>>> print(open('entry-v9.cif').read())   # mmCIF, C-alpha atoms and all ligand atoms
data_structure
loop_
_atom_site.label_atom_id
_atom_site.label_comp_id
_atom_site.auth_asym_id
_atom_site.auth_seq_id
_atom_site.Cartn_x
_atom_site.Cartn_y
_atom_site.Cartn_z
CA MET Q 418 0.00 0.00 0.00
CA ASN Q 419 1.33 3.43 -0.97
CA ILE Q 420 -0.58 6.52 0.03
CA ILE Q 421 -0.09 10.26 -0.13
CA LEU Q 422 -1.37 12.51 2.65
CA LEU Q 423 -1.99 15.91 1.16
CA GLY Q 424 -3.02 19.13 2.85
CA PRO Q 425 -1.64 22.51 3.84
CA PRO Q 426 0.93 22.83 6.62
CA GLY Q 427 -0.67 22.10 9.98
CA ALA Q 428 -3.48 19.99 8.49
CA GLY Q 429 -2.35 17.08 10.66
CA LYS Q 430 -0.46 15.04 8.05
CA GLY Q 431 2.43 14.26 10.40
CA THR Q 432 0.17 13.24 13.29
CA GLN Q 433 -1.99 11.02 11.10
CA ALA Q 434 0.96 9.49 9.25
CA HIS Q 435 2.53 8.59 12.57
CA ARG Q 436 -0.66 6.84 13.67
CA LEU Q 437 -0.81 4.84 10.45
CA THR Q 438 2.75 3.64 11.03
CA GLU Q 439 1.65 2.33 14.44
CA HIS Q 440 -1.64 0.76 13.34
CA HIS Q 441 -0.59 -0.67 10.00
CA GLY Q 442 3.18 -1.16 10.14
CA MET Q 443 3.58 1.32 7.29
CA ARG Q 444 6.54 3.65 6.94
CA GLN Q 445 6.14 7.44 7.16
CA LEU Q 446 8.20 9.23 4.53
CA SER Q 447 8.21 12.89 5.52
CA THR Q 448 10.46 15.09 3.40
CA GLY Q 449 10.10 17.81 6.07
CA ASP Q 450 11.49 15.45 8.73
CA MET Q 451 14.26 14.29 6.40
CA LEU Q 452 15.24 17.88 5.62
CA ARG Q 453 15.19 18.88 9.30
CA ALA Q 454 17.48 15.92 10.05
CA ALA Q 455 19.81 17.04 7.24
CA VAL Q 456 19.85 20.61 8.61
CA LYS Q 457 20.65 19.32 12.10
CA ALA Q 458 23.46 17.08 10.78
CA GLN Q 459 24.73 19.96 8.59
CA THR Q 460 24.94 17.76 5.51
CA PRO Q 461 25.41 19.55 2.15
CA VAL Q 462 21.67 19.15 1.50
CA GLY Q 463 20.86 20.51 4.95
CA ILE Q 464 23.11 23.55 4.54
CA LYS Q 465 21.51 24.31 1.18
CA ALA Q 466 17.95 23.81 2.44
CA LYS Q 467 18.07 25.68 5.74
CA GLU Q 468 17.51 29.24 4.53
CA VAL Q 469 14.79 28.21 2.10
CA MET Q 470 12.99 26.34 4.88
CA ASP Q 471 13.34 29.22 7.32
CA ARG Q 472 11.61 31.47 4.78
CA GLY Q 473 8.79 28.93 4.35
CA GLU Q 474 9.58 28.41 0.66
CA LEU Q 475 9.98 25.10 -1.14
CA VAL Q 476 13.29 23.25 -1.42
CA SER Q 477 14.20 22.11 -4.95
CA ASP Q 478 12.27 19.22 -6.49
CA GLU Q 479 15.48 17.34 -7.26
CA ILE Q 480 16.62 17.40 -3.63
CA VAL Q 481 13.37 16.12 -2.13
CA SER Q 482 12.77 13.51 -4.83
CA ALA Q 483 16.31 12.17 -4.32
CA LEU Q 484 15.58 11.85 -0.58
CA ILE Q 485 12.40 9.88 -1.27
CA ASP Q 486 14.13 7.64 -3.82
CA ALA Q 487 16.90 6.82 -1.33
CA GLU Q 488 14.38 5.97 1.42
CA LEU Q 489 12.38 3.66 -0.84
CA GLU Q 490 15.60 2.02 -1.99
CA ALA Q 491 16.42 1.17 1.61
CA MET Q 492 12.92 -0.09 2.48
CA GLY Q 493 11.63 -3.65 2.21
CA ASP Q 494 9.34 -4.18 -0.80
CA ASP Q 495 6.53 -5.40 1.44
CA VAL Q 496 6.45 -2.29 3.65
CA GLY Q 497 3.76 0.26 2.77
CA ALA Q 498 4.72 3.93 2.34
CA ILE Q 499 2.88 7.01 3.58
CA PHE Q 500 4.11 10.10 1.77
CA ASP Q 501 3.78 13.02 4.15
CA GLY Q 502 4.53 16.45 2.71
CA TYR Q 503 5.59 15.02 -0.65
CA PRO Q 504 4.87 15.55 -3.52
CA ARG Q 505 4.37 19.31 -3.24
CA THR Q 506 4.67 20.38 -6.90
CA ALA Q 507 3.60 19.02 -10.28
CA ALA Q 508 7.26 18.20 -11.03
CA GLN Q 509 7.54 16.18 -7.81
CA ALA Q 510 4.31 14.33 -8.64
CA GLU Q 511 5.82 13.34 -11.97
CA GLN Q 512 9.13 12.37 -10.37
CA LEU Q 513 7.24 10.27 -7.80
CA ASP Q 514 5.57 8.29 -10.59
CA GLY Q 515 9.02 7.46 -11.97
CA ILE Q 516 10.42 6.58 -8.54
CA LEU Q 517 7.46 4.33 -7.67
CA GLY Q 518 7.73 2.57 -11.01
CA LYS Q 519 11.42 1.95 -10.44
CA HIS Q 520 10.62 0.32 -7.09
CA ASN Q 521 7.67 -1.68 -8.46
CA ARG Q 522 5.17 0.26 -6.43
CA ALA Q 523 1.89 1.93 -7.35
CA LEU Q 524 -0.14 4.63 -5.65
CA ASP Q 525 -3.28 3.36 -3.96
CA HIS Q 526 -4.76 6.49 -2.41
CA VAL Q 527 -4.29 10.22 -2.19
CA ILE Q 528 -6.01 11.51 0.93
CA GLU Q 529 -6.56 15.24 1.16
CA LEU Q 530 -7.06 16.66 4.63
CA GLU Q 531 -9.49 19.56 4.22
CA VAL Q 532 -8.99 22.41 6.64
CA ASP Q 533 -9.84 26.02 7.38
CA VAL Q 534 -6.75 28.13 6.71
CA ASP Q 535 -7.26 30.71 9.48
CA ALA Q 536 -7.77 27.99 12.06
CA LEU Q 537 -4.58 26.39 10.77
CA VAL Q 538 -2.43 29.38 11.56
CA LYS Q 539 -3.59 29.07 15.19
CA ARG Q 540 -2.96 25.36 15.10
CA ILE Q 541 0.56 25.67 13.75
CA THR Q 542 1.73 28.50 15.96
CA GLY Q 543 0.58 26.49 19.02
CA ARG Q 544 2.38 23.26 18.27
CA PHE Q 545 5.50 21.93 19.95
CA SER Q 546 7.23 18.61 20.51
CA CYS Q 547 9.22 16.72 23.10
CA ALA Q 548 12.91 17.48 22.62
CA ASN Q 549 13.76 13.95 23.71
CA CYS Q 550 11.34 11.59 21.89
CA GLY Q 551 9.64 13.88 19.37
CA ALA Q 552 6.07 13.32 20.65
CA LEU Q 553 3.81 16.02 19.18
CA TYR Q 554 1.74 18.40 21.31
CA HIS Q 555 -0.32 21.58 21.04
CA ASN Q 556 -0.83 24.42 23.54
CA THR Q 557 -4.62 24.03 23.59
CA ALA Q 558 -5.69 21.08 21.40
CA ASN Q 559 -3.33 18.44 22.75
CA PRO Q 560 -1.22 19.50 25.73
CA PRO Q 561 0.72 16.91 27.77
CA GLU Q 562 -1.41 15.43 30.60
CA LYS Q 563 0.94 16.89 33.17
CA GLU Q 564 2.13 20.35 32.26
CA GLY Q 565 5.79 20.41 31.28
CA VAL Q 566 6.20 16.60 31.24
CA CYS Q 567 6.10 14.46 28.09
CA ASP Q 568 3.36 11.76 28.24
CA GLN Q 569 5.48 9.36 26.21
CA CYS Q 570 8.93 9.52 27.80
CA GLY Q 571 8.70 11.80 30.86
CA GLY Q 572 11.05 14.33 29.22
CA THR Q 573 10.80 17.92 30.40
CA GLU Q 574 12.43 19.73 27.47
CA PHE Q 575 10.20 20.83 24.59
CA LYS Q 576 10.91 22.57 21.31
CA ARG Q 577 9.13 24.48 18.57
CA ARG Q 578 9.99 24.44 14.90
CA PRO Q 579 11.70 27.66 13.80
CA ASP Q 580 9.32 27.88 10.82
CA ASP Q 581 6.17 27.68 12.98
CA ASN Q 582 5.81 31.45 13.31
CA GLU Q 583 2.95 33.41 11.76
CA GLU Q 584 4.84 35.09 8.92
CA THR Q 585 6.52 31.88 7.72
CA VAL Q 586 3.27 29.97 8.12
CA ARG Q 587 1.49 32.43 5.79
CA THR Q 588 4.25 31.92 3.18
CA ARG Q 589 3.95 28.15 3.56
CA MET Q 590 0.16 28.38 3.07
CA ASP Q 591 0.75 30.43 -0.03
CA GLU Q 592 3.21 27.89 -1.41
CA TYR Q 593 0.59 25.19 -0.80
CA ARG Q 594 -2.15 27.13 -2.57
CA ARG Q 595 0.01 28.06 -5.55
CA LYS Q 596 2.12 24.94 -6.07
CA THR Q 597 0.70 21.95 -4.19
CA ALA Q 598 -3.10 22.22 -4.45
CA PRO Q 599 -2.86 22.25 -8.30
CA ILE Q 600 -1.47 18.69 -8.32
CA LEU Q 601 -4.75 17.24 -7.01
CA PRO Q 602 -6.39 17.09 -10.46
CA ILE Q 603 -3.56 14.79 -11.63
CA TYR Q 604 -4.67 12.24 -9.05
CA GLU Q 605 -8.37 13.00 -9.41
CA GLU Q 606 -8.14 11.91 -13.03
CA ARG Q 607 -6.88 8.55 -11.80
CA GLY Q 608 -9.83 8.26 -9.38
CA ILE Q 609 -7.70 7.79 -6.27
CA VAL Q 610 -8.45 11.00 -4.31
CA THR Q 611 -10.52 11.00 -1.12
CA ARG Q 612 -11.21 14.13 0.89
CA VAL Q 613 -11.31 13.86 4.64
CA ASP Q 614 -12.42 16.58 7.08
CA GLY Q 615 -9.17 17.50 8.81
CA MET Q 616 -10.75 19.91 11.30
CA GLY Q 617 -12.37 17.22 13.46
CA GLU Q 618 -10.96 15.47 16.53
CA ILE Q 619 -7.64 13.73 15.87
CA ASP Q 620 -9.23 10.28 16.50
CA ASP Q 621 -12.11 10.98 14.11
CA VAL Q 622 -9.70 12.01 11.36
CA THR Q 623 -7.76 8.77 11.90
CA THR Q 624 -10.98 6.73 11.69
CA ALA Q 625 -11.94 8.48 8.44
CA ILE Q 626 -8.51 7.80 6.92
CA GLU Q 627 -8.57 4.17 8.03
CA SER Q 628 -11.95 3.63 6.42
CA VAL Q 629 -10.34 4.69 3.14
CA ILE Q 630 -7.22 2.54 3.31
CA ALA Q 631 -8.75 -0.51 5.00
CA PRO Q 632 -12.52 -0.46 4.41
CA ALA Q 633 -14.50 -2.64 6.88
P1 LIG F 701 6.92 20.24 6.47
O1 LIG F 701 7.50 19.65 7.72
O2 LIG F 701 6.36 19.18 5.56
O3 LIG F 701 5.94 21.34 6.72
O4 LIG F 701 8.16 20.90 5.66
C1 LIG F 701 8.91 21.93 6.22
C2 LIG F 701 9.66 22.68 5.12
O5 LIG F 701 10.56 21.77 4.45
C3 LIG F 701 8.79 23.25 4.02
O6 LIG F 701 8.26 24.53 4.36
C4 LIG F 701 9.77 23.31 2.85
O7 LIG F 701 10.67 24.40 3.01
C5 LIG F 701 10.57 22.03 3.05
N1 LIG F 701 9.94 20.86 2.36
C6 LIG F 701 9.42 19.74 2.94
N2 LIG F 701 8.94 18.90 2.03
C7 LIG F 701 9.15 19.49 0.83
C8 LIG F 701 8.85 19.13 -0.52
N3 LIG F 701 8.22 17.98 -0.83
N4 LIG F 701 9.22 20.01 -1.49
C9 LIG F 701 9.86 21.15 -1.23
N5 LIG F 701 10.15 21.58 0.01
C10 LIG F 701 9.80 20.74 1.04
#
>>> encode(input="entry-v9.cif", output="structure tokens", more="lines below")
Ligand code: AMP
Amino acid sequence: MNIILLGPPGAGKGTQAHRLTEHHGMRQLSTGDMLRAAVKAQTPVGIKAKEVMDRGELVSDEIVSALIDAELEAMGDDVGAIFDGYPRTAAQAEQLDGILGKHNRALDHVIELEVDVDALVKRITGRFSCANCGALYHNTANPPEKEGVCDQCGGTEFKRRPDDNEETVRTRMDEYRRKTAPILPIYEERGIVTRVDGMGEIDDVTTAIESVIAPA
């Protein structure tokens, strides 16, 4: 099974992709996570990408597609892939077709998380994660049970992404509207797009996605 989770920044792609990895043994392929790891490790890709990411603009198609290709190369053939934050442009969508073909894979579903953009800005600027294990939280929607302590690992250090500020978020929304949303018709023509309400409770969104990928 190979699926794409599509939706503007903050739509909940990362949260939902993570849940699918736990429930279905699939692998989350997040180009955002890969790029952040490259920035942290100061690899040549990371050094090149950092400024672009800090501005909320898109990194080059060649860089992100090469990251995805390398991940699929290293994965077992029988492990399903959840593409999270990729593809983001028409060129990437075309490159993904080539990459999937090379690895004898085919796309099963494209799931678009539908959201209200103004609510998203609030959502994004409130999110943070455990500095130790990476568990995701939100100031109001999903705070840790005990304030200042991670539910998953008991860690007490938290961090926010540098690009989760209002100005960068608006640029990222704009990039989505101009470059990513227009790729949906490519997949609509193939009849593999499902729209899911991304503004509901996290559990309800998961249930809706699961009914698409594993109908009862
Ligand atoms: P994300 O975590 O998916 O919101 O990505 C964070 C940032 O990484 C984006 O704002 C872009 O600068 C960059 N990025 C992640 N995925 C891609 C992609 N598929 N194409 C281009 N840039 C990307």
>>> residues_around(input="entry-v9.cif", residues="Asp450 of chain Q", least_positions_apart="5", cutoff="12 Å", atoms="all atoms listed in the file", output="ChimeraX atom specification")
/Q:430-431,435,445,455-457,463,470,481,484-485,500-503,551,578
>>> closest_residue(input="entry-v9.cif", among="Q:His526, Q:His441, Q:Arg577, Q:His520", to="ligand LIG 701 (chain F)", atoms="only C-alpha atoms and all ligand atoms")
Q:Arg577
>>> residues_near_ligand(input="entry-v9.cif", ligand="ligand LIG 701 (chain F)", cutoff="6 Å", atoms="all atoms listed in the file", output="list in words")
Pro426, Thr448, Gly449, Asp450, Val469, Met470, Gly473, Glu474, Leu475, Val476, Ser477, Asp478, Val481, Gly502, Tyr503, Pro504, Arg505 and Arg589 of chain Q
>>> write_last_selection(input="entry-v9.cif", atoms="C-alpha atoms", output="PDB file, keeping the file's coordinate frame")
ATOM      1  CA  PRO Q 426       0.930  22.830   6.620  1.00  0.00           C
ATOM      2  CA  THR Q 448      10.460  15.090   3.400  1.00  0.00           C
ATOM      3  CA  GLY Q 449      10.100  17.810   6.070  1.00  0.00           C
ATOM      4  CA  ASP Q 450      11.490  15.450   8.730  1.00  0.00           C
ATOM      5  CA  VAL Q 469      14.790  28.210   2.100  1.00  0.00           C
ATOM      6  CA  MET Q 470      12.990  26.340   4.880  1.00  0.00           C
ATOM      7  CA  GLY Q 473       8.790  28.930   4.350  1.00  0.00           C
ATOM      8  CA  GLU Q 474       9.580  28.410   0.660  1.00  0.00           C
ATOM      9  CA  LEU Q 475       9.980  25.100  -1.140  1.00  0.00           C
ATOM     10  CA  VAL Q 476      13.290  23.250  -1.420  1.00  0.00           C
ATOM     11  CA  SER Q 477      14.200  22.110  -4.950  1.00  0.00           C
ATOM     12  CA  ASP Q 478      12.270  19.220  -6.490  1.00  0.00           C
ATOM     13  CA  VAL Q 481      13.370  16.120  -2.130  1.00  0.00           C
ATOM     14  CA  GLY Q 502       4.530  16.450   2.710  1.00  0.00           C
ATOM     15  CA  TYR Q 503       5.590  15.020  -0.650  1.00  0.00           C
ATOM     16  CA  PRO Q 504       4.870  15.550  -3.520  1.00  0.00           C
ATOM     17  CA  ARG Q 505       4.370  19.310  -3.240  1.00  0.00           C
ATOM     18  CA  ARG Q 589       3.950  28.150   3.560  1.00  0.00           C
TER      19      ARG Q 589
END
>>> closest_residue(input="entry-v9.cif", among="Q:Ile516, Q:Leu524, Q:Leu601, Q:Leu530", to="Glu490 of chain Q", atoms="all atoms listed in the file")
Q:Ile516
>>> residues_around(input="entry-v9.cif", residues="segment 580-584 of chain Q", least_positions_apart="2", cutoff="7 Å", atoms="only C-alpha atoms", output="VMD selection string")
chain Q and resid 471 473 538 541 to 542 578 586 to 588
>>> residues_around(input="entry-v9.cif", residues="Thr506 of chain Q", least_positions_apart="3", cutoff="6 Å", atoms="all atoms listed in the file", output="PyMOL selection string")
chain Q and resi 509+596-597
>>> atom_distance(input="entry-v9.cif", atom1="atom CA of Asp614 of chain Q", atom2="atom CA of Asp591 of chain Q")
20.4 Å
>>> closest_residue(input="entry-v9.cif", among="Q:Phe545, Q:Ala633, Q:Leu422, Q:Gly565", to="Pro579 of chain Q", atoms="only C-alpha atoms")
Q:Phe545
>>> residues_near_point(input="entry-v9.cif", point="(-1.8, 10.1, 12.0)", cutoff="10 Å", atoms="all atoms listed in the file", output="list in words")
Leu422, Gly429, Lys430, Gly431, Thr432, Gln433, Ala434, His435, Arg436, Leu437, Thr438, Glu439, His440, Gln445, Ile619, Asp620, Val622, Thr623, Thr624, Ile626 and Glu627 of chain Q
>>> closest_residue(input="entry-v9.cif", among="Q:Arg607, Q:Val534, Q:Glu574, Q:Ile420", to="Ala631 of chain Q", atoms="only C-alpha atoms")
Q:Ile420
>>> closest_residue(input="entry-v9.cif", among="Q:Ile464, Q:Ala428, Q:Ala498, Q:Ile603", to="Ala536 of chain Q", atoms="only C-alpha atoms")
Q:Ala428
>>> atom_distance(input="entry-v9.cif", atom1="atom CA of Val496 of chain Q", atom2="atom CA of Gln569 of chain Q")
25.4 Å
>>> closest_residue(input="entry-v9.cif", among="Q:Asp535, Q:Glu606, Q:Glu468, Q:Asp486", to="Leu446 of chain Q", atoms="only C-alpha atoms")
Q:Asp486
>>> atom_distance(input="entry-v9.cif", atom1="atom CA of Glu605 of chain Q", atom2="atom CA of Leu489 of chain Q")
24.3 Å
>>> axis_aligned_box(input="entry-v9.cif", around="segment 443-447 of chain Q", padding_each_side="6 Å", output="lines of an AutoDock Vina configuration file")
center_x = 5.9
center_y = 7.1
center_z = 5.9
size_x = 16.6
size_y = 23.6
size_z = 14.8
>>> residues_around(input="entry-v9.cif", residues="Asp568 of chain Q", least_positions_apart="3", cutoff="12 Å", atoms="all atoms listed in the file", output="list in words")
Ser546, Cys547, Asn549, Cys550, Gly551, Ala552, Leu553, Tyr554, Asn559, Pro560, Pro561, Glu562, Lys563, Glu564, Gly565, Gly571, Gly572, Thr573 and Phe575 of chain Q
>>> residues_near_point(input="entry-v9.cif", point="(-8.7, 8.0, -1.4)", cutoff="10 Å", atoms="only C-alpha atoms", output="mmCIF file with C-alpha atoms, keeping the file's coordinate frame")
data_model
loop_
_atom_site.group_PDB
_atom_site.id
_atom_site.type_symbol
_atom_site.label_atom_id
_atom_site.label_comp_id
_atom_site.auth_asym_id
_atom_site.auth_seq_id
_atom_site.Cartn_x
_atom_site.Cartn_y
_atom_site.Cartn_z
ATOM 1 C CA ILE Q 420 -0.580 6.520 0.030
ATOM 2 C CA ILE Q 421 -0.090 10.260 -0.130
ATOM 3 C CA LEU Q 422 -1.370 12.510 2.650
ATOM 4 C CA ASP Q 525 -3.280 3.360 -3.960
ATOM 5 C CA HIS Q 526 -4.760 6.490 -2.410
ATOM 6 C CA VAL Q 527 -4.290 10.220 -2.190
ATOM 7 C CA ILE Q 528 -6.010 11.510 0.930
ATOM 8 C CA GLU Q 529 -6.560 15.240 1.160
ATOM 9 C CA TYR Q 604 -4.670 12.240 -9.050
ATOM 10 C CA GLU Q 605 -8.370 13.000 -9.410
ATOM 11 C CA GLY Q 608 -9.830 8.260 -9.380
ATOM 12 C CA ILE Q 609 -7.700 7.790 -6.270
ATOM 13 C CA VAL Q 610 -8.450 11.000 -4.310
ATOM 14 C CA THR Q 611 -10.520 11.000 -1.120
ATOM 15 C CA ARG Q 612 -11.210 14.130 0.890
ATOM 16 C CA VAL Q 613 -11.310 13.860 4.640
ATOM 17 C CA ILE Q 626 -8.510 7.800 6.920
ATOM 18 C CA SER Q 628 -11.950 3.630 6.420
ATOM 19 C CA VAL Q 629 -10.340 4.690 3.140
ATOM 20 C CA ILE Q 630 -7.220 2.540 3.310
#
